[in-house]
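Below is one structure, written out as structure tokens; comments come after it.
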Amino acid sequence: MKRYILILIAGILLANCTEKKQEPIVVSPNQLHNSIDKIIDIMIHDIFSPPVASRIFAYPNIAAYEIVAQVNPDYQSLAGQLKDLKPIPAIDTISGINPQLSALIAHMNISRQLIFSEDKFDVLQDSLFTQWKSMNEPEFEASKAYGLKVADHIKEWMGKDNYSQTRTMPKFTVNTDDPTRWQPTPPAYMDGIEPHWSKIRPFIIDSASQFKPVPPPPFSLEKDSDFYKELIEVYNISNEITKNGDESDEVAIAKFWDCNPYVSVTRGHLMFATKKITPGAHWIGITKIASKKTNSNFDDTVFAYTKTSMAIADGFISCWDEKYRSNLIRPETLINQHIDENWKPILQTPPFPEYTSGHSVVSGAAATALTSIYGEDFSFEDDTETPYGLPIRKFNSFNQAADEAAISRMYGGIHYRSAVEVGVGQGRKIGALLNSKIKMKKN
């Protein structure tokens with residue numbers, strides 16, 4: 001009798017275990033947030049340039065979104081709307097596929113391919129795979145197979161965006177004979193990064209030059225010229241906001257929006273880098289903040305990340321097209337040459353030409369996309385920079401944040417006024433085109 005009871009209990013336990021393994025897998029927005037956060041951490045470690053980082057955000061989000069759009073009646077596919085994107089393989093609704101699980105797996109698979117330190121991502125991915133497999137192995141395997149199938153489809157499209165070709169194009173040649181042209185800046189005097197980024201296939205704009213901005217003021221060191229007035233303005237503002245020794249709000253703003261992954265620090269004969277997020281990563285962080293504040297579900301979160309990342313990516317393509325066209329010299333170089341040889345900007349000047357301001361363009365584009373999703377008066381607390389010892393800043397809207405990000409570049413001493421004002425407008429044009437041209441929501 002005892003043996004019979006033990007066998008019966010064992011059978012019940014086994015049945016319960018089997019039943020537990022067949023529970024439906026629920027994919028949460030936090031799992032997507034955590035995966036993106038991990039990718040950002042690795043991107044910081046690997047030191048990706050801001051333009052390249054924007055590409056790493058866009059393609060995984062599009063892959064996830066395309067799966068979501070197949071089954072969610074609120075959304076529609078980007079196939080036929082984005083350049084050269086064809087419909088993804090159709091989902092088999094009777095094969096036990098969990099679309100959200102497939103979407104996150106596709107997102108992780110493409111993200112992993114685009115970073116260098118894949119092993120650092122494998123810890124998170126393997127943990128999730130083990131968890132999902134233990135919950136419902138048939139559902140996990142079916143969803144994984146479909147997610148990887150979609151990932152391959154998106155990667156084939158991604159492989160034709162001209163990125164690999166730009167890896168072998170020549171370095172930027174500095175024209176030292178022309179006093180108007182950009183020159184490498186201290187302390188590392190790095191080469192100009194991504195001089196061929198305008199050749200990358202854009203997502204929404206017709207070409208890199210579609211929103212070609214007005215030229216910067218004509219170069220002149222005559223004191224009554226518009227250009228010189230902007231140059232001396234950078235110098236005077238820098239001195240004004242640092243004159244009392246205490247950190248002014250303008251200095252705090254400059255540091256908050258620094259987002260320079262290239263900062264070089266010199267200690268005696270030793271030079272090393274301090275690593276930070278890129279401008280695009282900051283706005284991806286703001287997207288996460290908005291998603292969490294609104295308690296957005298998984299599908300809506302994927303939508304927000306996808307729309308914002310496309311705005312950021314095309315913002316960099318448009319901005320870099322102008323940077324290497326106008327090839328304008330940075331304030332730091334001219335101030336040291338003609339005004340004050342000991343002057344240093346509050347922020348370290350990044351290694352590429354001045355006009356227009358990349359952070360301004362990207363901020364204008366991202367803020368316009370986010371406003372279309374969450375509204376004009378969406379207030380939020382931006383804690384994106386707290387890992388770097390910077391306090392939370394509060395904003396009443398995405399556009400207010402974008403305007404602050406833009407002016408921060410002048411406070412930081414790395415851009416003239418025209419670069420930030422024209423730049424944020426350039427970005428808003430890209431965001432407006434995204435909102436009008438690309439149909440993602442059906443109602």
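Identifiers for the structure tokens are assigned positionally: chains receive A, B, ... in sequence, residues are indexed from 1 per chain, and ligands are indexed from 1 in the order shown.
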
Near-stretch 328-331 of chain A list (8 Å; only C-alpha atoms; drop same-chain fewer than 2 positions) as a list in words: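 After dropping sequence-adjacent residues, the list is Pro179, Thr180, Arg181, Trp182, Gln183, Leu231, Val234, Lys323, Ser326, Thr333, Leu334, Ile335, Thr349, Pro353, Glu354, Tyr355, Gly413, Ile414, His415 and Tyr416 of chain A.
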
Who sits within 7 Å of stretch 422-438 of chain A, only C-alpha atoms, same chain under 6 positions skipped, as a short mmCIF file (atom, residue, chain, number, x, y, z; two decimals) with N, CA and C atoms, in the first residue's frame:
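Saved as out.cif:
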data_model
loop_
_atom_site.label_atom_id
_atom_site.label_comp_id
_atom_site.auth_asym_id
_atom_site.auth_seq_id
_atom_site.Cartn_x
_atom_site.Cartn_y
_atom_site.Cartn_z
N GLN A 81 7.68 50.51 -46.92
CA GLN A 81 7.79 51.90 -46.46
C GLN A 81 9.25 52.30 -46.25
N ILE A 204 14.32 56.60 -43.67
CA ILE A 204 13.12 57.33 -44.05
C ILE A 204 13.38 58.50 -45.00
N PHE A 211 17.58 67.05 -46.19
CA PHE A 211 17.39 68.22 -45.34
C PHE A 211 18.72 68.96 -45.16
N PRO A 213 21.10 71.60 -44.55
CA PRO A 213 20.85 72.87 -43.86
C PRO A 213 21.48 74.05 -44.59
N ALA A 311 14.44 57.61 -36.17
CA ALA A 311 14.68 59.05 -36.19
C ALA A 311 16.13 59.37 -35.86
N GLY A 315 18.93 60.89 -38.37
CA GLY A 315 19.51 62.14 -37.89
C GLY A 315 21.02 62.15 -38.05
N THR A 356 26.66 70.57 -38.78
CA THR A 356 25.86 71.02 -37.65
C THR A 356 26.15 70.16 -36.43
N SER A 357 25.54 70.52 -35.31
CA SER A 357 25.74 69.77 -34.07
C SER A 357 24.98 68.46 -34.10
N SER A 360 22.35 68.03 -31.42
CA SER A 360 21.19 68.88 -31.69
C SER A 360 20.28 68.23 -32.72
N VAL A 361 20.87 67.72 -33.80
CA VAL A 361 20.07 67.09 -34.85
C VAL A 361 19.34 65.87 -34.31
N VAL A 362 20.07 65.01 -33.63
CA VAL A 362 19.49 63.77 -33.12
C VAL A 362 18.42 64.07 -32.07
N SER A 363 18.67 65.06 -31.23
CA SER A 363 17.69 65.41 -30.20
C SER A 363 16.41 65.95 -30.82
N GLY A 364 16.54 66.80 -31.83
CA GLY A 364 15.35 67.31 -32.50
C GLY A 364 14.54 66.20 -33.15
N ALA A 365 15.23 65.26 -33.79
CA ALA A 365 14.55 64.15 -34.46
C ALA A 365 13.87 63.22 -33.46
N ALA A 366 14.60 62.84 -32.41
CA ALA A 366 14.06 61.92 -31.41
C ALA A 366 12.89 62.54 -30.66
N THR A 368 10.83 64.83 -31.66
CA THR A 368 9.65 64.92 -32.53
C THR A 368 8.96 63.57 -32.65
N ALA A 369 9.74 62.50 -32.76
CA ALA A 369 9.16 61.17 -32.81
C ALA A 369 8.45 60.83 -31.51
N ALA A 406 20.54 70.81 -27.20
CA ALA A 406 21.18 71.61 -28.25
C ALA A 406 22.04 72.72 -27.65
#

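Of note, atom CA of A:Ala405 and atom CA of A:Lys441 are spaced 28.7 Å apart.
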
Given only C-alpha atoms as the counted atoms, nearest of A:Ile241, A:Ala188, A:Ile62, A:Val123 to A:Pro345: A:Ile241

Mind giving me the straight-line distance from atom CA of A:Ala142 to atom CA of A:Ser111 in Å, one decimal?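 Atom CA of A:Ser111 lies 20.5 Å from atom CA of A:Ala142.
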
Could you name the residues that touch A:Leu347 at 9 Å or less, counting only C-alpha atoms, but leaving out those on the same chain fewer than 6 positions away, as a count of residues only? 10

Gap from atom CA of A:Ile284 to atom CA of A:Ser102 - Å, one decimal: 21.6 Å

For A:Pro279, which of A:Glu385, A:Glu139, A:Asp246, A:Asp191 is the closest residue, counting only C-alpha atoms? A:Glu385

Neighbouring residues of stretch 165-176 of chain A were defined as those with any atom within 12 Å, considering only C-alpha atoms; residues of the same chain fewer than 3 positions away were excluded. Please report them as a PDB file with N, CA and C atoms, in the first residue's frame.
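Saved the output as selection.pdb:
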ATOM      1  N   VAL A  52      27.622  54.870 -35.549  1.00  0.00           N
ATOM      2  CA  VAL A  52      27.547  53.405 -35.584  1.00  0.00           C
ATOM      3  C   VAL A  52      26.596  52.894 -34.508  1.00  0.00           C
ATOM      4  N   GLY A 159      22.539  44.017 -44.405  1.00  0.00           N
ATOM      5  CA  GLY A 159      23.830  43.832 -45.065  1.00  0.00           C
ATOM      6  C   GLY A 159      23.990  44.600 -46.355  1.00  0.00           C
ATOM      7  N   LYS A 160      22.892  45.184 -46.842  1.00  0.00           N
ATOM      8  CA  LYS A 160      22.945  45.940 -48.103  1.00  0.00           C
ATOM      9  C   LYS A 160      22.864  47.449 -47.877  1.00  0.00           C
ATOM     10  N   ASP A 161      23.143  47.899 -46.649  1.00  0.00           N
ATOM     11  CA  ASP A 161      23.012  49.334 -46.362  1.00  0.00           C
ATOM     12  C   ASP A 161      24.312  50.104 -46.580  1.00  0.00           C
ATOM     13  N   ASN A 162      25.328  49.423 -47.116  1.00  0.00           N
ATOM     14  CA  ASN A 162      26.614  50.035 -47.483  1.00  0.00           C
ATOM     15  C   ASN A 162      27.554  50.209 -46.285  1.00  0.00           C
ATOM     16  N   PRO A 179      42.522  77.642 -43.305  1.00  0.00           N
ATOM     17  CA  PRO A 179      42.230  77.970 -41.900  1.00  0.00           C
ATOM     18  C   PRO A 179      40.769  77.802 -41.522  1.00  0.00           C
ATOM     19  N   THR A 180      39.900  77.582 -42.486  1.00  0.00           N
ATOM     20  CA  THR A 180      38.476  77.433 -42.184  1.00  0.00           C
ATOM     21  C   THR A 180      38.105  75.982 -41.900  1.00  0.00           C
ATOM     22  N   ARG A 181      38.996  75.052 -42.260  1.00  0.00           N
ATOM     23  CA  ARG A 181      38.659  73.625 -42.216  1.00  0.00           C
ATOM     24  C   ARG A 181      38.984  72.993 -40.874  1.00  0.00           C
ATOM     25  N   TRP A 182      38.227  71.940 -40.586  1.00  0.00           N
ATOM     26  CA  TRP A 182      38.380  71.238 -39.310  1.00  0.00           C
ATOM     27  C   TRP A 182      39.783  70.659 -39.148  1.00  0.00           C
ATOM     28  N   GLN A 183      40.285  70.735 -37.940  1.00  0.00           N
ATOM     29  CA  GLN A 183      41.550  70.109 -37.567  1.00  0.00           C
ATOM     30  C   GLN A 183      41.344  69.277 -36.306  1.00  0.00           C
ATOM     31  N   PRO A 184      42.063  68.178 -36.158  1.00  0.00           N
ATOM     32  CA  PRO A 184      41.955  67.384 -34.933  1.00  0.00           C
ATOM     33  C   PRO A 184      42.230  68.229 -33.697  1.00  0.00           C
ATOM     34  N   THR A 185      41.548  67.913 -32.621  1.00  0.00           N
ATOM     35  CA  THR A 185      41.600  68.719 -31.406  1.00  0.00           C
ATOM     36  C   THR A 185      42.194  67.930 -30.240  1.00  0.00           C
ATOM     37  N   TYR A 189      43.831  64.313 -30.369  1.00  0.00           N
ATOM     38  CA  TYR A 189      44.015  64.660 -31.787  1.00  0.00           C
ATOM     39  C   TYR A 189      43.620  63.494 -32.693  1.00  0.00           C
ATOM     40  N   MET A 190      42.430  62.956 -32.452  1.00  0.00           N
ATOM     41  CA  MET A 190      41.946  61.807 -33.212  1.00  0.00           C
ATOM     42  C   MET A 190      41.565  62.201 -34.631  1.00  0.00           C
ATOM     43  N   ASP A 191      41.633  61.225 -35.540  1.00  0.00           N
ATOM     44  CA  ASP A 191      41.155  61.423 -36.901  1.00  0.00           C
ATOM     45  C   ASP A 191      39.646  61.667 -36.884  1.00  0.00           C
ATOM     46  N   GLY A 192      39.157  62.320 -37.924  1.00  0.00           N
ATOM     47  CA  GLY A 192      37.721  62.518 -38.050  1.00  0.00           C
ATOM     48  C   GLY A 192      37.005  61.193 -38.223  1.00  0.00           C
ATOM     49  N   ILE A 193      36.011  60.939 -37.384  1.00  0.00           N
ATOM     50  CA  ILE A 193      35.346  59.631 -37.422  1.00  0.00           C
ATOM     51  C   ILE A 193      34.209  59.612 -38.438  1.00  0.00           C
ATOM     52  N   GLU A 194      34.047  58.477 -39.050  1.00  0.00           N
ATOM     53  CA  GLU A 194      32.967  58.168 -39.986  1.00  0.00           C
ATOM     54  C   GLU A 194      32.777  59.237 -41.074  1.00  0.00           C
ATOM     55  N   PRO A 195      33.822  59.552 -41.816  1.00  0.00           N
ATOM     56  CA  PRO A 195      33.676  60.567 -42.868  1.00  0.00           C
ATOM     57  C   PRO A 195      32.767  60.130 -44.012  1.00  0.00           C
ATOM     58  N   HIS A 196      32.457  58.846 -44.096  1.00  0.00           N
ATOM     59  CA  HIS A 196      31.632  58.334 -45.191  1.00  0.00           C
ATOM     60  C   HIS A 196      30.241  57.913 -44.722  1.00  0.00           C
ATOM     61  N   TRP A 197      29.840  58.370 -43.525  1.00  0.00           N
ATOM     62  CA  TRP A 197      28.556  57.919 -42.975  1.00  0.00           C
ATOM     63  C   TRP A 197      27.377  58.356 -43.836  1.00  0.00           C
ATOM     64  N   SER A 198      27.522  59.413 -44.588  1.00  0.00           N
ATOM     65  CA  SER A 198      26.428  59.857 -45.451  1.00  0.00           C
ATOM     66  C   SER A 198      26.119  58.852 -46.560  1.00  0.00           C
ATOM     67  N   LYS A 199      27.014  57.891 -46.751  1.00  0.00           N
ATOM     68  CA  LYS A 199      26.796  56.874 -47.782  1.00  0.00           C
ATOM     69  C   LYS A 199      25.971  55.702 -47.259  1.00  0.00           C
ATOM     70  N   ILE A 200      25.691  55.671 -45.958  1.00  0.00           N
ATOM     71  CA  ILE A 200      24.848  54.625 -45.393  1.00  0.00           C
ATOM     72  C   ILE A 200      23.416  54.804 -45.885  1.00  0.00           C
ATOM     73  N   ARG A 201      22.751  53.726 -46.240  1.00  0.00           N
ATOM     74  CA  ARG A 201      21.363  53.813 -46.686  1.00  0.00           C
ATOM     75  C   ARG A 201      20.477  54.312 -45.542  1.00  0.00           C
ATOM     76  N   LYS A 323      28.355  67.668 -41.981  1.00  0.00           N
ATOM     77  CA  LYS A 323      29.628  67.859 -41.277  1.00  0.00           C
ATOM     78  C   LYS A 323      30.819  67.791 -42.229  1.00  0.00           C
ATOM     79  N   TYR A 324      30.832  66.785 -43.077  1.00  0.00           N
ATOM     80  CA  TYR A 324      31.989  66.611 -43.950  1.00  0.00           C
ATOM     81  C   TYR A 324      31.838  67.365 -45.266  1.00  0.00           C
ATOM     82  N   ARG A 325      30.685  68.036 -45.443  1.00  0.00           N
ATOM     83  CA  ARG A 325      30.553  68.960 -46.575  1.00  0.00           C
ATOM     84  C   ARG A 325      31.110  70.323 -46.183  1.00  0.00           C
ATOM     85  N   ASN A 327      32.730  71.003 -43.332  1.00  0.00           N
ATOM     86  CA  ASN A 327      34.074  70.741 -42.805  1.00  0.00           C
ATOM     87  C   ASN A 327      34.600  71.929 -41.995  1.00  0.00           C
ATOM     88  N   LEU A 328      33.757  72.422 -41.101  1.00  0.00           N
ATOM     89  CA  LEU A 328      34.063  73.665 -40.392  1.00  0.00           C
ATOM     90  C   LEU A 328      34.932  73.433 -39.161  1.00  0.00           C
ATOM     91  N   ILE A 329      35.841  74.362 -38.933  1.00  0.00           N
ATOM     92  CA  ILE A 329      36.770  74.290 -37.815  1.00  0.00           C
ATOM     93  C   ILE A 329      36.032  74.491 -36.488  1.00  0.00           C
ATOM     94  N   PRO A 351      35.796  64.209 -32.052  1.00  0.00           N
ATOM     95  CA  PRO A 351      36.664  64.178 -33.242  1.00  0.00           C
ATOM     96  C   PRO A 351      35.940  64.150 -34.584  1.00  0.00           C
ATOM     97  N   PHE A 352      35.313  65.272 -34.932  1.00  0.00           N
ATOM     98  CA  PHE A 352      34.719  65.415 -36.259  1.00  0.00           C
ATOM     99  C   PHE A 352      34.362  66.888 -36.468  1.00  0.00           C
ATOM    100  N   PRO A 353      34.119  67.310 -37.710  1.00  0.00           N
ATOM    101  CA  PRO A 353      33.847  68.718 -37.982  1.00  0.00           C
ATOM    102  C   PRO A 353      32.645  69.267 -37.208  1.00  0.00           C
TER     103      PRO A 353
END

Here is a test: counting only C-alpha atoms, which residue of A:Gln131, A:Gly358, A:Thr308, A:Glu118 is nearest to A:Gly285?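 With only C-alpha atoms as the atom set, the closest residue is A:Thr308.
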
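Distances from A:Trp257, A:Tyr163, A:Trp157, A:Phe378 to A:Met410 were compared using only C-alpha atoms, and the smallest one belongs to A:Trp257.
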
Which residue, A:Asp383, A:Asp300, A:Glu404, A:Asp377, has the smallest gap to A:Pro29 when you use only C-alpha atoms?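 Nearest candidate to A:Pro29 out of A:Asp383, A:Asp300, A:Glu404, A:Asp377: A:Asp300.
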
All residues 10 Å or closer to stretch 390-396 of chain A, only C-alpha atoms, same chain fewer than 2 positions away omitted, as a list in words: Ala252, Ile253, Lys255, Phe256, Trp257, Glu376, Asp377, Phe378, Ser379, Phe380, Glu381, Asp382, Asp383, Thr384, Glu385, Thr386, Pro387, Tyr388, Phe398, Asn399, Gln400, Ala401, Ala402 and Glu404 of chain A

Polymer residues at most 9 Å from A:Gly375, only C-alpha atoms, same-chain spacing of 4 or more positions, as a VMD selection string: chain A and resid 370 to 371 397 to 398

Non-local contacts of A:Lys223 (12 Å; only C-alpha atoms; under 6 positions in same chain excluded) as number ranges by chain: A: 229-233, 338-339
